[in-house]
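Undergrad: Got input_9.tsv for you, TSV, C-alpha atoms:
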chain	number	residue	atom	x	y	z
A	1	MET	CA	0.00	0.00	0.00
A	2	THR	CA	1.15	3.55	-0.66
A	3	ASN	CA	0.65	7.15	0.42
A	4	LYS	CA	2.18	8.63	-2.70
A	5	ARG	CA	0.76	11.90	-3.96
A	6	ILE	CA	-0.36	11.83	-7.59
A	7	VAL	CA	-1.95	14.17	-10.09
A	8	VAL	CA	-4.34	12.34	-12.41
A	9	ALA	CA	-5.07	14.08	-15.73
A	10	LEU	CA	-8.27	12.79	-17.34
A	11	GLY	CA	-8.44	13.03	-21.12
A	12	HIS	CA	-11.39	13.49	-23.51
A	13	SER	CA	-12.40	9.82	-23.37
A	14	ALA	CA	-13.11	10.07	-19.65
A	15	LEU	CA	-15.83	12.68	-20.21
A	16	GLY	CA	-17.53	12.09	-23.56
A	17	ASN	CA	-18.72	14.77	-25.98
A	18	THR	CA	-22.28	15.53	-24.84
A	19	PHE	CA	-24.21	15.87	-21.57
A	20	PRO	CA	-25.62	12.29	-21.72
A	21	GLU	CA	-22.25	10.86	-22.79
A	22	GLN	CA	-20.54	12.62	-19.89
A	23	LYS	CA	-23.03	11.23	-17.36
A	24	GLU	CA	-22.12	7.70	-18.47
A	25	ALA	CA	-18.40	8.28	-19.04
A	26	VAL	CA	-17.74	9.68	-15.56
A	27	LYS	CA	-19.01	6.44	-14.02
A	28	ASN	CA	-16.06	4.65	-15.60
A	29	ALA	CA	-13.72	7.44	-14.51
A	30	ALA	CA	-15.08	7.23	-10.96
A	31	SER	CA	-14.37	3.51	-10.84
A	32	ALA	CA	-10.77	4.06	-11.91
A	33	ILE	CA	-10.29	6.83	-9.34
A	34	ALA	CA	-11.82	4.66	-6.60
A	35	ASP	CA	-9.27	1.96	-7.42
A	36	LEU	CA	-6.52	4.51	-6.76
A	37	VAL	CA	-8.15	5.63	-3.51
A	38	GLU	CA	-8.28	1.99	-2.34
A	39	ALA	CA	-4.57	1.74	-3.16
A	40	LYS	CA	-4.02	4.67	-0.73
A	41	TYR	CA	-2.86	7.28	-3.22
A	42	GLN	CA	-3.39	10.96	-2.40
A	43	ILE	CA	-5.19	12.24	-5.48
A	44	VAL	CA	-5.68	15.51	-7.31
A	45	ILE	CA	-7.68	15.22	-10.53
A	46	THR	CA	-7.46	17.51	-13.55
A	47	HIS	CA	-9.56	17.05	-16.65
A	48	SER	CA	-10.12	18.04	-20.25
A	49	ASN	CA	-12.93	20.41	-21.19
A	50	SER	CA	-12.47	21.01	-24.93
A	51	HIS	CA	-15.84	19.63	-26.06
A	52	GLN	CA	-17.67	21.07	-23.07
A	53	ILE	CA	-16.32	24.60	-23.33
A	54	GLY	CA	-17.09	24.54	-27.05
A	55	MET	CA	-20.72	23.61	-26.34
A	56	ILE	CA	-21.03	26.32	-23.69
A	57	HIS	CA	-19.46	28.97	-25.92
A	58	ALA	CA	-21.75	28.01	-28.82
A	59	ALA	CA	-24.84	28.03	-26.59
A	60	MET	CA	-24.02	31.41	-25.03
A	61	THR	CA	-23.29	32.90	-28.46
A	62	GLU	CA	-26.63	31.67	-29.77
A	63	TYR	CA	-28.37	33.05	-26.67
A	64	SER	CA	-26.85	36.46	-27.27
A	65	ARG	CA	-28.06	36.31	-30.88
A	66	LEU	CA	-31.62	35.58	-29.75
A	67	GLU	CA	-31.45	38.09	-26.91
A	68	PRO	CA	-29.34	41.03	-28.20
A	69	SER	CA	-29.40	42.75	-24.80
A	70	ASN	CA	-27.22	39.92	-23.46
A	71	THR	CA	-23.60	40.06	-24.54
A	72	VAL	CA	-21.62	36.98	-25.57
A	73	ALA	CA	-20.06	35.25	-22.55
A	74	PRO	CA	-16.26	35.71	-22.51
A	75	MET	CA	-14.02	32.65	-22.72
A	76	SER	CA	-13.13	32.89	-19.02
A	77	ILE	CA	-16.80	32.60	-18.03
A	78	CYS	CA	-17.27	29.61	-20.36
A	79	SER	CA	-14.21	27.96	-18.81
A	80	ALA	CA	-15.57	28.53	-15.29
A	81	MET	CA	-18.92	27.03	-16.30
A	82	SER	CA	-17.20	23.95	-17.71
A	83	GLN	CA	-15.16	23.46	-14.53
A	84	GLY	CA	-18.32	23.68	-12.46
A	85	TYR	CA	-20.51	21.22	-14.30
A	86	ILE	CA	-17.76	18.70	-15.10
A	87	GLY	CA	-16.63	18.83	-11.47
A	88	TYR	CA	-20.24	18.37	-10.35
A	89	ASP	CA	-20.62	15.15	-12.35
A	90	LEU	CA	-17.18	13.83	-11.42
A	91	GLN	CA	-17.32	14.48	-7.70
A	92	ASN	CA	-20.81	13.00	-7.36
A	93	GLU	CA	-19.91	9.81	-9.24
A	94	ILE	CA	-16.63	9.40	-7.34
A	95	ARG	CA	-18.45	9.94	-4.04
A	96	THR	CA	-21.09	7.35	-4.99
A	97	GLU	CA	-18.47	4.82	-6.11
A	98	LEU	CA	-16.47	5.24	-2.90
A	99	LEU	CA	-19.53	4.90	-0.66
A	100	ASN	CA	-20.58	1.78	-2.57
A	101	ARG	CA	-17.18	0.33	-1.64
A	102	GLY	CA	-17.61	1.29	1.99
A	103	ILE	CA	-15.17	4.20	1.79
A	104	TYR	CA	-16.00	7.65	3.17
A	105	LYS	CA	-13.72	10.23	1.62
A	106	PRO	CA	-14.83	13.77	0.73
A	107	VAL	CA	-14.48	14.90	-2.88
A	108	SER	CA	-14.26	18.62	-3.72
A	109	THR	CA	-14.11	20.67	-6.90
A	110	LEU	CA	-12.21	23.96	-6.96
A	111	ILE	CA	-12.81	26.64	-9.56
A	112	THR	CA	-9.19	27.27	-10.49
A	113	GLN	CA	-7.60	30.33	-12.10
A	114	VAL	CA	-4.22	30.22	-13.80
A	115	ARG	CA	-2.12	33.27	-14.63
A	116	VAL	CA	-0.86	33.63	-18.17
A	117	ASP	CA	1.62	36.09	-19.63
A	118	PRO	CA	-0.04	38.82	-21.75
A	119	PHE	CA	3.12	38.86	-23.89
A	120	ASP	CA	3.07	35.10	-24.54
A	121	ALA	CA	3.73	34.52	-28.24
A	122	ALA	CA	0.63	32.30	-28.35
A	123	PHE	CA	-1.56	35.42	-28.38
A	124	THR	CA	0.03	36.39	-31.70
A	125	HIS	CA	-0.59	32.95	-33.21
A	126	PRO	CA	-3.95	31.60	-31.93
A	127	HIS	CA	-4.77	28.11	-33.17
A	128	LYS	CA	-7.30	26.46	-30.81
A	129	LEU	CA	-10.68	26.11	-32.55
A	130	ILE	CA	-13.63	27.03	-30.36
A	131	GLY	CA	-17.39	27.33	-30.69
A	132	ARG	CA	-19.87	26.86	-33.49
A	133	TYR	CA	-19.40	27.19	-37.24
A	134	MET	CA	-20.27	30.62	-38.64
A	135	THR	CA	-21.28	32.18	-41.92
A	136	GLU	CA	-18.93	34.63	-43.64
A	137	GLU	CA	-21.03	37.55	-42.40
A	138	GLU	CA	-20.88	36.30	-38.82
A	139	ALA	CA	-17.13	35.72	-39.14
A	140	LYS	CA	-16.58	39.31	-40.29
A	141	ALA	CA	-18.59	40.52	-37.29
A	142	GLU	CA	-16.33	38.51	-34.98
A	143	GLU	CA	-13.22	39.98	-36.59
A	144	LYS	CA	-14.59	43.50	-36.04
A	145	LYS	CA	-14.68	42.66	-32.32
A	146	GLY	CA	-10.97	41.83	-32.49
A	147	ASN	CA	-11.41	38.05	-32.46
A	148	HIS	CA	-9.55	35.66	-34.74
A	149	VAL	CA	-11.52	33.55	-37.23
A	150	ILE	CA	-10.40	30.99	-39.79
A	151	PRO	CA	-12.23	29.20	-42.64
A	152	VAL	CA	-13.06	25.52	-42.13
A	153	GLU	CA	-13.46	23.67	-45.41
A	154	GLY	CA	-17.04	22.66	-46.09
A	155	LYS	CA	-18.33	24.05	-42.78
A	156	GLY	CA	-17.90	27.81	-42.84
A	157	TYR	CA	-15.80	29.71	-40.33
A	158	GLN	CA	-14.77	29.10	-36.75
A	159	ARG	CA	-13.18	31.19	-34.05
A	160	VAL	CA	-9.64	30.42	-32.85
A	161	VAL	CA	-8.12	31.42	-29.53
A	162	ALA	CA	-4.62	31.43	-28.07
A	163	ALA	CA	-3.19	28.66	-25.89
A	164	PRO	CA	-0.60	30.41	-23.65
A	165	ARG	CA	1.52	28.54	-21.12
A	166	PRO	CA	0.48	28.48	-17.46
A	167	MET	CA	2.52	30.72	-15.18
A	168	GLU	CA	0.90	30.50	-11.73
A	169	ILE	CA	-1.98	28.53	-10.18
A	170	TYR	CA	-3.81	30.93	-7.87
A	171	GLU	CA	-5.78	28.36	-5.87
A	172	LEU	CA	-2.70	26.23	-5.15
A	173	ASP	CA	-2.84	26.81	-1.38
A	174	ALA	CA	-6.49	25.78	-1.25
A	175	ILE	CA	-5.69	22.60	-3.19
A	176	LYS	CA	-2.92	21.78	-0.70
A	177	VAL	CA	-5.21	22.32	2.29
A	178	LEU	CA	-7.90	20.00	0.90
A	179	LEU	CA	-5.33	17.39	-0.08
A	180	ASP	CA	-3.70	17.49	3.35
A	181	ALA	CA	-7.18	17.06	4.86
A	182	GLY	CA	-7.51	13.72	3.08
A	183	GLN	CA	-9.87	14.81	0.32
A	184	VAL	CA	-9.91	13.87	-3.35
A	185	VAL	CA	-9.54	17.21	-5.12
A	186	ILE	CA	-10.72	18.12	-8.62
A	187	ALA	CA	-8.90	21.26	-9.79
A	188	ALA	CA	-7.48	23.15	-12.77
A	189	GLY	CA	-10.15	21.72	-15.07
A	190	GLY	CA	-9.47	22.39	-18.73
A	191	GLY	CA	-6.02	23.69	-17.83
A	192	GLY	CA	-7.52	26.31	-15.52
A	193	ILE	CA	-9.28	29.59	-16.27
A	194	PRO	CA	-6.64	31.76	-18.01
A	195	VAL	CA	-6.39	35.12	-16.30
A	196	LEU	CA	-4.20	38.22	-16.52
A	197	GLN	CA	-3.09	39.91	-13.32
A	198	GLN	CA	-3.84	43.62	-13.28
A	199	GLY	CA	-2.86	45.02	-9.88
A	200	THR	CA	-5.04	43.23	-7.35
A	201	ARG	CA	-7.58	42.21	-9.98
A	202	LEU	CA	-7.60	39.08	-12.13
A	203	LYS	CA	-9.05	39.59	-15.60
A	204	GLY	CA	-10.12	36.66	-17.78
A	205	ALA	CA	-8.07	36.17	-20.93
A	206	SER	CA	-9.54	35.24	-24.30
A	207	ALA	CA	-7.66	31.97	-24.39
A	208	VAL	CA	-7.50	28.35	-23.29
A	209	ILE	CA	-4.63	26.53	-21.60
A	210	GLU	CA	-3.37	23.08	-22.52
A	211	LYS	CA	-4.69	20.84	-19.73
A	212	ASP	CA	-1.71	18.48	-19.63
A	213	ILE	CA	0.82	21.30	-19.33
A	214	THR	CA	-1.08	22.78	-16.38
A	215	SER	CA	-1.30	19.29	-14.87
A	216	ALA	CA	2.49	19.01	-14.97
A	217	ARG	CA	2.85	22.45	-13.38
A	218	LEU	CA	0.36	21.52	-10.66
A	219	ALA	CA	2.14	18.23	-9.97
A	220	GLU	CA	5.44	20.10	-9.58
A	221	GLU	CA	3.94	22.70	-7.21
A	222	LEU	CA	2.31	19.99	-5.09
A	223	ASN	CA	5.57	18.04	-4.94
A	224	ALA	CA	3.72	15.03	-6.32
A	225	ASP	CA	5.49	11.72	-6.81
A	226	ILE	CA	3.75	10.78	-10.05
A	227	LEU	CA	1.91	12.52	-12.88
A	228	LEU	CA	-0.61	10.07	-14.35
A	229	LEU	CA	-1.80	11.12	-17.82
A	230	LEU	CA	-4.84	9.10	-18.91
A	231	THR	CA	-5.79	8.91	-22.56
A	232	GLY	CA	-7.45	6.60	-25.08
A	233	VAL	CA	-4.51	4.22	-25.54
A	234	GLU	CA	-2.65	1.93	-23.15
A	235	LYS	CA	0.85	2.96	-24.23
A	236	VAL	CA	2.60	5.67	-26.22
A	237	ALA	CA	3.54	4.53	-29.71
A	238	LEU	CA	5.88	5.59	-32.46
A	239	ASN	CA	4.39	5.56	-35.97
A	240	PHE	CA	0.94	5.37	-34.40
A	241	GLY	CA	-1.64	3.70	-36.63
A	242	GLN	CA	0.98	2.61	-39.17
A	243	PRO	CA	2.07	-0.94	-40.06
A	244	ASN	CA	5.39	-0.28	-38.30
A	245	GLU	CA	3.77	1.01	-35.09
A	246	LYS	CA	5.94	0.44	-32.03
A	247	THR	CA	4.62	0.78	-28.49
A	248	LEU	CA	6.92	2.04	-25.77
A	249	ASP	CA	7.12	0.68	-22.23
A	250	SER	CA	9.39	3.50	-21.11
A	251	MET	CA	11.28	6.57	-22.23
A	252	THR	CA	13.99	8.62	-20.63
A	253	VAL	CA	13.49	12.37	-20.65
A	254	GLU	CA	16.22	12.61	-23.27
A	255	GLU	CA	14.61	9.97	-25.50
A	256	ALA	CA	11.18	11.59	-25.20
A	257	THR	CA	12.65	15.00	-26.06
A	258	ASN	CA	14.30	13.54	-29.15
A	259	TYR	CA	11.03	11.94	-30.24
A	260	ILE	CA	9.28	15.31	-29.82
A	261	ASP	CA	11.96	17.04	-31.91
A	262	GLU	CA	11.56	14.35	-34.58
A	263	LYS	CA	7.78	15.04	-34.61
A	264	HIS	CA	6.69	11.52	-33.73
A	265	PHE	CA	3.59	12.71	-31.84
A	266	SER	CA	0.47	14.43	-33.17
A	267	THR	CA	-0.14	17.99	-32.00
A	268	GLY	CA	-3.74	17.54	-30.92
A	269	ALA	CA	-3.35	14.19	-29.19
A	270	MET	CA	-0.19	12.64	-27.75
A	271	LEU	CA	2.26	15.54	-28.10
A	272	PRO	CA	1.01	17.65	-25.14
A	273	LYS	CA	0.98	14.55	-22.92
A	274	VAL	CA	4.58	13.67	-23.72
A	275	GLU	CA	5.62	17.32	-23.30
A	276	ALA	CA	3.91	17.43	-19.91
A	277	ALA	CA	5.53	14.14	-18.90
A	278	VAL	CA	8.97	15.48	-19.83
A	279	SER	CA	8.36	18.73	-17.95
A	280	PHE	CA	7.36	16.95	-14.74
A	281	ALA	CA	9.89	14.10	-14.85
A	282	SER	CA	12.77	16.51	-15.43
A	283	SER	CA	11.70	18.93	-12.68
A	284	SER	CA	13.24	16.96	-9.79
A	285	LYS	CA	15.07	13.71	-9.15
A	286	GLY	CA	12.83	10.72	-8.51
A	287	ARG	CA	9.73	12.07	-10.23
A	288	LYS	CA	8.10	10.11	-13.01
A	289	ALA	CA	5.15	10.40	-15.36
A	290	VAL	CA	2.98	7.56	-16.62
A	291	ILE	CA	0.86	7.68	-19.77
A	292	THR	CA	-1.81	5.00	-20.11
A	293	SER	CA	-5.56	4.51	-20.58
A	294	LEU	CA	-8.29	5.14	-18.05
A	295	ASN	CA	-9.05	1.43	-17.81
A	296	THR	CA	-5.43	0.57	-16.96
A	297	ALA	CA	-4.78	3.46	-14.56
A	298	LEU	CA	-3.88	1.37	-11.50
A	299	ASP	CA	-1.84	-1.11	-13.55
A	300	GLY	CA	0.02	1.83	-15.04
A	301	LEU	CA	0.96	3.12	-11.59
A	302	THR	CA	2.13	-0.31	-10.46
A	303	GLY	CA	4.31	-0.85	-13.53
A	304	LYS	CA	2.22	-3.52	-15.22
A	305	THR	CA	1.47	-1.46	-18.30
A	306	GLY	CA	1.59	2.06	-19.69
A	307	THR	CA	4.57	4.16	-20.75
A	308	VAL	CA	6.84	5.48	-17.99
A	309	ILE	CA	8.84	8.67	-18.54
A	310	GLN	CA	11.64	9.51	-16.11
A	311	CYS	CA	15.24	10.72	-16.06
Would you mind writing the file out in structure tokens?
TA:
Amino acid sequence: MTNKRIVVALGHSALGNTFPEQKEAVKNAASAIADLVEAKYQIVITHSNSHQIGMIHAAMTEYSRLEPSNTVAPMSICSAMSQGYIGYDLQNEIRTELLNRGIYKPVSTLITQVRVDPFDAAFTHPHKLIGRYMTEEEAKAEEKKGNHVIPVEGKGYQRVVAAPRPMEIYELDAIKVLLDAGQVVIAAGGGGIPVLQQGTRLKGASAVIEKDITSARLAEELNADILLLLTGVEKVALNFGQPNEKTLDSMTVEEATNYIDEKHFSTGAMLPKVEAAVSFASSSKGRKAVITSLNTALDGLTGKTGTVIQC
């Protein structure tokens, strides 16, 4: 049995794409988390929100169109909404699963803000697609507001936002207090709400943050032993989906960095996970990251499967 502190980053597959899909998907996620609780790990959970924040943004934009007196909700508000309702589903299912196993352990969700640098180069080159598809007229209206829009072949236009790097997690102390109190903590959902610090005020940024990169930063700040990155595959692979595909049981930080430089991993899928793993594993001696699927989470931690990244 262990008392190791871990940060568990749930990927898209743990949440589904719609409200009904999420209600079912989180049951599977709750079972995997309960396995880790039974194994005596101290757990902080982060999660994806890309589909959810897109739905919220699209819904709020449509609402503003139908009710012109209501302005479009900014990205920071959409991010906060996604953290709230994803956390609501997750914490309730985890609580239920634990109680069904005879375990009483509080589960809490924290709305988490993350500082980003206003001069981050990502703001000059936004690339994260967000929200509904638009007509050319609607796209021009968005551009007049100062937003970035790109054409999507066969579908119209879609807004793109920046993905700056996380600089500081504001609710870190609260996360530590809850963790030290023996709770399962859900925090930094969707990479956290990106905010800009202006004196004593935090102002929401028109951006999203890569969830896995924030997860690595959070794991470092919490002095976690392991960063567990859960995705749709059991192991990282080179030449993924090709006849010469090769799965990897382990990588050193140096090997993983070389694979990144050689562009072995796709930008929207495995690349941010491997980058996050490298960041955490190289941050201090003895730390390691594990990339595996939700269904093999515990086996990944115990070395039975998954891809381990360490120095």
Undergrad: For Asn258 in chain A, find every residue with an atom within 12 Å (counting all atoms listed in the file), except residues of its own chain fewer than 6 positions away, and show them as a PyMOL selection string.
TA: chain A and resi 251-252+264-265+274-275+278
Undergrad: Could you check which of A:Ile175, A:Ile53, A:Val72, A:Val208 is closest to Gly131 in chain A, using all atoms listed in the file?
TA: A:Ile53
Undergrad: Take CA of Asn3 in chain A and CA of Leu218 in chain A and report the distance between them in Å, one decimal.
TA: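 Separation of CA of Asn3 in chain A and CA of Leu218 in chain A: 18.1 Å.
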Undergrad: Find the distance between CA of Ile94 in chain A and CA of Leu230 in chain A and write it in Å to one decimal.
TA: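 According to the coordinates, CA of Ile94 in chain A and CA of Leu230 in chain A are separated by 16.5 Å.
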Undergrad: Of the candidates A:Pro164, A:Gly300, A:Pro74, A:Gly87, which shows the shortest atom-to-atom distance to Phe119 in chain A, using only C-alpha atoms?
TA: A:Pro164
Undergrad: Taking into account only C-alpha atoms, which residue in the set A:Lys105, A:Lys144, A:Lys288, A:Arg159 is nearest to Ile130 in chain A?
TA: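 Using only C-alpha atoms, Ile130 in chain A sits closest to A:Arg159.
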Undergrad: Which residue gives the smallest distance to Ala59 in chain A among A:Leu228, A:Gln198, A:Tyr133, A:Lys23, with all atoms listed in the file counted?
TA: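 Comparing A:Leu228, A:Gln198, A:Tyr133, A:Lys23 against Ala59 in chain A, the winner is A:Tyr133.
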Undergrad: For CA of Val7 in chain A and CA of Ala219 in chain A, determine how far apart the two atoms are, in Å to one decimal place.
TA: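 One can read the CA of Val7 in chain A to CA of Ala219 in chain A distance as 5.8 Å.
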